[in-house]
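Pasting work-v3.cif here (mmCIF, C-alpha atoms):
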```cif
data_model
#
loop_
_atom_site.group_PDB
_atom_site.id
_atom_site.type_symbol
_atom_site.label_atom_id
_atom_site.label_comp_id
_atom_site.auth_asym_id
_atom_site.auth_seq_id
_atom_site.Cartn_x
_atom_site.Cartn_y
_atom_site.Cartn_z
ATOM 1 C CA MET A 11 0.000 0.000 0.000
ATOM 2 C CA ALA A 12 2.830 2.404 0.787
ATOM 3 C CA VAL A 13 4.469 1.709 -2.537
ATOM 4 C CA ALA A 14 1.217 2.273 -4.373
ATOM 5 C CA ASP A 15 0.575 5.555 -2.569
ATOM 6 C CA ALA A 16 4.096 6.816 -3.444
ATOM 7 C CA GLU A 17 3.651 5.922 -7.107
ATOM 8 C CA ALA A 18 0.304 7.665 -7.220
ATOM 9 C CA ALA A 19 1.732 10.790 -5.603
ATOM 10 C CA ALA A 20 4.637 10.826 -8.047
ATOM 11 C CA ALA A 21 2.288 10.385 -11.010
ATOM 12 C CA THR A 22 0.105 13.250 -9.779
ATOM 13 C CA ALA A 23 3.099 15.590 -9.125
ATOM 14 C CA ALA A 24 4.614 15.051 -12.582
ATOM 15 C CA PRO A 25 1.737 16.660 -14.556
ATOM 16 C CA GLU A 26 1.523 19.468 -12.017
ATOM 17 C CA ALA A 27 5.244 20.187 -12.445
ATOM 18 C CA GLY A 28 4.814 20.202 -16.197
ATOM 19 C CA VAL A 29 1.935 22.650 -15.936
ATOM 20 C CA VAL A 30 3.978 24.937 -13.674
ATOM 21 C CA ALA A 31 6.937 24.804 -16.055
ATOM 22 C CA ALA A 32 4.695 25.584 -19.037
ATOM 23 C CA LYS A 33 3.120 28.525 -17.201
ATOM 24 C CA ALA A 34 6.555 29.858 -16.266
ATOM 25 C CA ALA A 35 7.721 29.599 -19.885
ATOM 26 C CA ASP A 36 4.584 31.359 -21.124
ATOM 27 C CA ALA A 37 5.018 34.119 -18.557
ATOM 28 C CA GLY A 38 8.669 34.561 -19.532
ATOM 29 C CA ALA A 39 7.769 34.770 -23.192
ATOM 30 C CA ALA A 40 4.953 37.214 -22.457
ATOM 31 C CA VAL A 41 7.273 39.433 -20.443
ATOM 32 C CA ALA A 42 10.345 39.139 -22.670
ATOM 33 C CA GLY A 43 8.546 39.361 -25.998
ATOM 34 C CA PRO A 44 7.547 43.078 -26.179
ATOM 35 C CA ASP A 45 10.513 44.305 -24.134
ATOM 36 C CA ALA A 46 12.970 42.272 -26.153
ATOM 37 C CA GLY A 47 11.527 43.657 -29.376
ATOM 38 C CA ARG A 48 11.721 47.208 -28.102
ATOM 39 C CA THR A 49 15.284 46.701 -26.891
ATOM 40 C CA ALA A 50 16.352 45.306 -30.246
ATOM 41 C CA VAL A 51 14.768 48.242 -32.089
ATOM 42 C CA SER A 52 16.414 50.773 -29.766
ATOM 43 C CA GLU A 53 19.795 49.085 -30.161
ATOM 44 C CA LYS A 54 19.387 49.139 -33.940
ATOM 45 C CA VAL A 55 18.502 52.830 -33.925
ATOM 46 C CA ALA A 56 21.480 53.605 -31.687
ATOM 47 C CA ALA A 57 23.780 51.613 -33.947
ATOM 48 C CA GLU A 58 22.728 53.499 -37.072
ATOM 49 C CA PRO A 59 24.880 56.660 -37.539
ATOM 50 C CA GLU A 60 23.061 59.984 -37.713
ATOM 51 C CA PRO A 61 23.269 61.805 -41.028
ATOM 52 C CA ALA A 62 26.146 64.278 -40.979
ATOM 53 C CA LYS A 63 25.049 67.875 -40.586
ATOM 54 C CA PRO A 64 27.049 70.631 -42.287
ATOM 55 C CA SER A 65 29.041 72.382 -39.604
ATOM 56 C CA GLU A 66 29.078 76.142 -39.181
ATOM 57 C CA GLU A 67 32.807 76.232 -39.911
ATOM 58 C CA SER A 68 32.383 74.525 -43.281
ATOM 59 C CA GLU A 69 29.540 76.894 -44.171
ATOM 60 C CA SER A 70 31.573 79.937 -43.158
ATOM 61 C CA ALA A 71 34.611 78.617 -45.040
ATOM 62 C CA THR A 72 32.578 78.404 -48.244
ATOM 63 C CA SER A 73 30.949 81.840 -47.856
ATOM 64 C CA PRO A 74 31.871 84.583 -50.339
ATOM 65 C CA ALA A 75 33.464 86.692 -47.591
ATOM 66 C CA ALA A 76 35.708 83.809 -46.497
ATOM 67 C CA LYS A 77 36.711 83.136 -50.098
ATOM 68 C CA ALA A 78 37.593 86.804 -50.596
ATOM 69 C CA ILE A 79 39.729 86.783 -47.424
ATOM 70 C CA ASP A 80 41.540 83.631 -48.517
ATOM 71 C CA LYS A 81 42.143 85.123 -51.952
ATOM 72 C CA GLN A 82 43.591 88.300 -50.429
ATOM 73 C CA LYS A 83 45.856 86.286 -48.104
ATOM 74 C CA GLN A 84 47.180 84.268 -51.031
ATOM 75 C CA ALA A 85 47.803 87.462 -53.026
ATOM 76 C CA ASP A 86 49.756 88.909 -50.068
ATOM 77 C CA ARG A 87 51.844 85.734 -49.813
ATOM 78 C CA ASP A 88 52.620 85.944 -53.525
ATOM 79 C CA LEU A 89 53.768 89.555 -53.127
ATOM 80 C CA ALA A 90 55.980 88.584 -50.184
ATOM 81 C CA ARG A 91 57.496 85.701 -52.160
ATOM 82 C CA GLU A 92 58.198 87.944 -55.150
ATOM 83 C CA ALA A 93 59.816 90.596 -52.922
ATOM 84 C CA TRP A 94 62.050 87.903 -51.417
ATOM 85 C CA ARG A 95 63.101 86.746 -54.893
ATOM 86 C CA ARG A 96 63.973 90.289 -55.973
ATOM 87 C CA ASN A 97 65.581 91.046 -52.572
ATOM 88 C CA ARG A 98 63.685 94.334 -52.460
ATOM 89 C CA PRO A 99 60.538 95.510 -50.639
ATOM 90 C CA ASP A 100 57.356 95.539 -52.701
ATOM 91 C CA ILE A 101 55.592 98.892 -53.185
ATOM 92 C CA SER A 102 52.072 98.718 -54.566
ATOM 93 C CA ILE A 103 49.167 101.136 -55.096
ATOM 94 C CA ALA A 104 45.515 100.340 -54.395
ATOM 95 C CA GLY A 105 43.049 103.162 -54.884
ATOM 96 C CA ALA A 106 44.179 106.205 -52.911
ATOM 97 C CA LYS A 107 46.626 104.207 -50.774
ATOM 98 C CA THR A 108 50.219 103.102 -51.204
ATOM 99 C CA SER A 109 51.732 100.160 -49.316
ATOM 100 C CA ILE A 110 55.237 98.851 -48.766
ATOM 101 C CA LEU A 111 55.537 95.137 -47.965
ATOM 102 C CA ILE A 112 58.631 93.538 -46.394
ATOM 103 C CA PRO A 113 58.729 89.703 -46.250
ATOM 104 C CA ILE A 114 59.860 88.159 -42.951
ATOM 105 C CA LYS A 115 60.490 84.722 -41.468
ATOM 106 C CA GLY A 116 60.307 83.480 -37.886
ATOM 107 C CA SER A 117 57.817 84.236 -35.121
ATOM 108 C CA ILE A 118 56.028 87.551 -34.586
ATOM 109 C CA LYS A 119 55.721 86.928 -30.849
ATOM 110 C CA GLY A 120 56.638 90.120 -29.025
ATOM 111 C CA ALA A 121 56.598 92.219 -32.217
ATOM 112 C CA ASP A 122 55.952 95.931 -31.803
ATOM 113 C CA PHE A 123 56.022 99.180 -33.785
ATOM 114 C CA LYS A 124 56.323 102.896 -33.057
ATOM 115 C CA ILE A 125 55.494 106.005 -35.077
ATOM 116 C CA SER A 126 57.573 109.078 -34.250
ATOM 117 C CA ASP A 127 59.187 112.257 -35.607
ATOM 118 C CA LYS A 128 55.826 113.853 -36.368
ATOM 119 C CA ARG A 129 54.570 110.653 -38.035
ATOM 120 C CA ARG A 130 57.398 110.500 -40.556
ATOM 121 C CA LEU A 131 59.324 107.566 -39.022
ATOM 122 C CA VAL A 132 57.959 104.046 -38.477
ATOM 123 C CA THR A 133 60.080 101.681 -36.366
ATOM 124 C CA VAL A 134 59.170 97.969 -36.310
ATOM 125 C CA THR A 135 60.829 95.655 -33.779
ATOM 126 C CA LEU A 136 60.797 91.866 -34.305
ATOM 127 C CA PRO A 137 62.531 90.015 -31.430
ATOM 128 C CA LYS A 138 62.125 86.560 -33.017
ATOM 129 C CA ALA A 139 61.988 87.191 -36.762
ATOM 130 C CA VAL A 140 64.172 88.628 -39.516
ATOM 131 C CA SER A 141 63.616 90.311 -42.843
ATOM 132 C CA MET A 142 63.923 88.201 -45.979
ATOM 133 C CA VAL A 143 65.217 91.187 -47.940
ATOM 134 C CA THR A 144 68.770 91.385 -46.740
ATOM 135 C CA MET A 145 70.266 94.768 -47.629
ATOM 136 C CA ARG A 146 70.858 97.086 -44.708
ATOM 137 C CA VAL A 147 69.695 100.257 -46.519
ATOM 138 C CA TYR A 148 67.147 100.669 -49.313
ATOM 139 C CA ASN A 149 66.877 104.072 -51.017
ATOM 140 C CA LEU A 150 63.293 103.769 -52.177
ATOM 141 C CA LYS A 151 63.015 107.102 -54.035
ATOM 142 C CA HIS A 152 59.245 107.062 -53.796
ATOM 143 C CA PRO A 153 56.851 109.959 -53.034
ATOM 144 C CA SER A 154 55.418 108.070 -50.068
ATOM 145 C CA PHE A 155 58.458 106.095 -48.857
ATOM 146 C CA LYS A 156 61.954 107.553 -48.792
ATOM 147 C CA LYS A 157 64.324 105.105 -47.130
ATOM 148 C CA LEU A 158 64.335 101.767 -45.260
ATOM 149 C CA TRP A 159 66.968 100.620 -42.762
ATOM 150 C CA ILE A 160 67.134 96.960 -41.664
ATOM 151 C CA ASP A 161 69.282 96.262 -38.612
ATOM 152 C CA GLN A 162 70.428 92.653 -39.114
ATOM 153 C CA ASP A 163 73.246 90.609 -40.623
ATOM 154 C CA GLU A 164 73.093 90.645 -44.425
ATOM 155 C CA ALA A 165 74.744 87.248 -44.929
ATOM 156 C CA ASN A 166 73.329 84.888 -42.310
ATOM 157 C CA ALA A 167 70.534 86.469 -40.286
ATOM 158 C CA GLN A 168 68.739 84.075 -37.932
ATOM 159 C CA PRO A 169 65.208 84.569 -36.520
ATOM 160 C CA ALA A 170 66.523 84.037 -32.987
ATOM 161 C CA ASP A 171 68.679 87.168 -33.393
ATOM 162 C CA GLY A 172 65.680 89.381 -34.227
ATOM 163 C CA THR A 173 65.678 92.548 -36.315
ATOM 164 C CA LYS A 174 64.611 96.190 -36.322
ATOM 165 C CA MET A 175 63.285 98.135 -39.314
ATOM 166 C CA ARG A 176 63.124 101.916 -39.681
ATOM 167 C CA LEU A 177 61.078 103.411 -42.501
ATOM 168 C CA ILE A 178 61.132 107.105 -43.413
ATOM 169 C CA LEU A 179 57.867 108.341 -44.915
ATOM 170 C CA GLY A 180 57.410 111.050 -47.498
ATOM 171 C CA GLN A 181 54.488 112.748 -45.746
ATOM 172 C CA THR A 182 52.932 113.156 -42.311
ATOM 173 C CA LEU A 183 49.618 111.320 -42.730
ATOM 174 C CA ASP A 184 48.902 108.562 -40.227
ATOM 175 C CA PRO A 185 50.506 105.281 -41.421
ATOM 176 C CA GLN A 186 48.810 101.927 -40.844
ATOM 177 C CA VAL A 187 51.173 99.122 -39.741
ATOM 178 C CA GLU A 188 50.331 95.420 -40.228
ATOM 179 C CA ILE A 189 52.533 92.615 -38.859
ATOM 180 C CA THR A 190 51.767 89.032 -39.933
ATOM 181 C CA ASP A 191 53.624 85.720 -39.986
ATOM 182 C CA ASP A 192 54.700 86.365 -43.602
ATOM 183 C CA PHE A 193 55.339 90.102 -43.886
ATOM 184 C CA VAL A 194 55.323 93.595 -42.409
ATOM 185 C CA ARG A 195 53.241 96.141 -44.309
ATOM 186 C CA VAL A 196 52.958 99.912 -43.896
ATOM 187 C CA THR A 197 50.134 101.718 -45.722
ATOM 188 C CA ILE A 198 49.552 105.459 -46.202
ATOM 189 C CA ARG A 199 47.485 107.661 -48.503
ATOM 190 C CA ARG A 200 49.149 108.802 -51.711
ATOM 191 C CA PRO A 201 50.162 112.472 -51.886
ATOM 192 C CA ASP A 202 48.452 112.864 -55.272
ATOM 193 C CA SER A 203 45.178 111.263 -54.123
ATOM 194 C CA ASP A 204 41.909 113.168 -54.116
ATOM 195 C CA GLU A 205 41.866 113.039 -50.329
ATOM 196 C CA ALA A 206 43.756 116.204 -49.442
ATOM 197 C CA PRO A 207 45.579 116.216 -46.106
ATOM 198 C CA ALA A 208 44.202 118.349 -43.325
ATOM 199 C CA GLU A 209 45.655 121.828 -43.139
ATOM 200 C CA PRO A 210 47.860 122.591 -40.152
ATOM 201 C CA ARG A 211 46.338 124.793 -37.455
ATOM 202 C CA ALA A 212 48.872 127.576 -38.036
ATOM 203 C CA GLU A 213 47.830 127.860 -41.690
ATOM 204 C CA LYS A 214 44.156 127.884 -40.741
ATOM 205 C CA ARG A 215 44.729 130.676 -38.229
ATOM 206 C CA ALA A 216 46.690 132.707 -40.780
ATOM 207 C CA LYS A 217 43.870 132.363 -43.306
ATOM 208 C CA LYS A 218 41.243 133.428 -40.763
ATOM 209 C CA ALA A 219 43.328 136.411 -39.714
ATOM 210 C CA ALA A 220 43.747 137.448 -43.352
ATOM 211 C CA GLU A 221 40.003 137.206 -43.902
ATOM 212 C CA LYS A 222 39.265 139.380 -40.860
ATOM 213 C CA ARG A 223 41.666 142.161 -41.851
ATOM 214 C CA PRO A 224 39.835 145.195 -43.287
ATOM 215 C CA GLU A 225 40.603 145.956 -46.882
ATOM 216 C CA PRO A 226 42.587 149.169 -47.413
ATOM 217 C CA ALA A 227 40.322 152.120 -48.252
ATOM 218 C CA GLU A 228 40.620 153.497 -51.723
ATOM 219 C CA GLU A 229 42.522 156.726 -51.879
ATOM 220 C CA ALA A 230 40.258 159.621 -52.584
ATOM 221 C CA ALA A 231 40.823 161.357 -55.870
ATOM 222 C CA PRO A 232 42.545 164.701 -55.459
ATOM 223 C CA GLU A 233 40.149 167.649 -55.653
ATOM 224 C CA LYS A 234 40.600 170.025 -58.488
ATOM 225 C CA GLU A 235 42.237 173.215 -57.447
ATOM 226 C CA ASN A 236 40.074 176.248 -57.786
ATOM 227 C CA GLU A 237 41.216 178.351 -60.655
#
```
Go through the file and emit its structure as structure tokens.
Amino acid sequence: MAVADAEAAAATAAPEAGVVAAKAADAGAAVAGPDAGRTAVSEKVAAEPEPAKPSEESESATSPAAKAIDKQKQADRDLAREAWRRNRPDISIAGAKTSILIPIKGSIKGADFKISDKRRLVTVTLPKAVSMVTMRVYNLKHPSFKKLWIDQDEANAQPADGTKMRLILGQTLDPQVEITDDFVRVTIRRPDSDEAPAEPRAEKRAKKAAEKRPEPAEEAAPEKENE
């Protein structure tokens, strides 16, 4: 009887265990099915690269203004290269302005300039760069630029030694100085341009004083003597 009861209990427990296992499998499938699908979709979306968006830098680089700036920079480099080949500063005219360009090499760190002697002398100091035109003195013989001194060794100047340039101008208008990695440029208005320089104060005062002076009275005609 004991053996029979044990067999019956085992036979009854086996189907129940199967039912429990089937329910657990169904529950796992029900839970894992939607979540697993969503997870797979999200992983697929994350794996797909986003379409590349045009960056602001690329847009600005292709703008007309950026192209014009790049074109001007290349033109300036060409002028500096040509001046180096001729071993002479480049003097060019653009509109009412005249510029002198001196090619350099080295670093412009610490570079400085000074305008003195009533705006007729421009001094440029380059502690870590040298001029690529190597003569010590250039007699320019130009209405706007008279003479250029370059204080460096003519034969073997090194950027570490630095240099100093002194440029004598032909007029007293305010010069504009530009120092870049490739050149030093000084720009002034041309003497023969339509833009006339401002008159000095002394001349203005003299003109005003002359205008205020009374004109000399006309001498009266001599009266006829009575006969």
>> Under the PyMOL selection byres ((chain A and resi 117) around 10), which residues of this model are included? Write them out as a list in words.
In response: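 Here the PyMOL selection byres ((chain A and resi 117) around 10) matches Ile114, Lys115, Gly116, Ile118, Lys119, Gly120, Ala121, Leu136, Pro137, Lys138, Ala139, Val140, Pro169, Ala170, Gly172, Thr190, Asp191 and Asp192 of chain A.
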> Within 10 Å of Thr197 in chain A, counting all atoms listed in the file, which residues qualify if same-chain residues fewer than 3 places away don't, as a PyMOL selection string?
Replying inline: chain A and resi 101-104+107-111+154-155+184-188+200
>> What's the separation between CA of Val147 in chain A and CA of Thr173 in chain A, in Å to one decimal place?
In response: 13.4 Å
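Interatomic distance, CA of Glu92 in chain A against CA of Thr144 in chain A: 13.9 Å.
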>> So the first atom is CA of Ile178 in chain A and the second is CA of Asp100 in chain A; what is the distance between them in Å, to one decimal place?
In response: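 Pair CA of Ile178 in chain A / CA of Asp100 in chain A returns 15.3 Å.
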> Which of these, A:Arg129, A:Pro74, A:Ile112, A:Lys174, has the shortest distance to Ala93 in chain A once you count all atoms listed in the file?
Replying inline: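 Of the candidates, the smallest distance to Ala93 in chain A is held by A:Ile112.
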Expansion of the PyMOL selection byres ((chain A and resi 130) around 8) into residues, as a PDB file with C-alpha atoms, in the frame of the given file:
```
ATOM      1  CA  ILE A 125      55.494 106.005 -35.077  1.00  0.00           C
ATOM      2  CA  SER A 126      57.573 109.078 -34.250  1.00  0.00           C
ATOM      3  CA  ASP A 127      59.187 112.257 -35.607  1.00  0.00           C
ATOM      4  CA  LYS A 128      55.826 113.853 -36.368  1.00  0.00           C
ATOM      5  CA  ARG A 129      54.570 110.653 -38.035  1.00  0.00           C
ATOM      6  CA  LEU A 131      59.324 107.566 -39.022  1.00  0.00           C
ATOM      7  CA  VAL A 132      57.959 104.046 -38.477  1.00  0.00           C
ATOM      8  CA  ILE A 178      61.132 107.105 -43.413  1.00  0.00           C
ATOM      9  CA  LEU A 179      57.867 108.341 -44.915  1.00  0.00           C
ATOM     10  CA  GLY A 180      57.410 111.050 -47.498  1.00  0.00           C
ATOM     11  CA  GLN A 181      54.488 112.748 -45.746  1.00  0.00           C
ATOM     12  CA  THR A 182      52.932 113.156 -42.311  1.00  0.00           C
TER      13      THR A 182
END
```
>> Env of Asn149 in chain A: 12 Å cut, atoms = only C-alpha atoms, seq-sep filter 5 positions within chain, self excluded. Answer as an NGL selection string.
In response: :A and (98-99 or 155-160 or 177-179)
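Among A:Ile189, A:Met142, A:Pro113, A:Lys151, the residue with the shortest atom-to-atom distance to Gln168 in chain A, counting only C-alpha atoms, is A:Met142.
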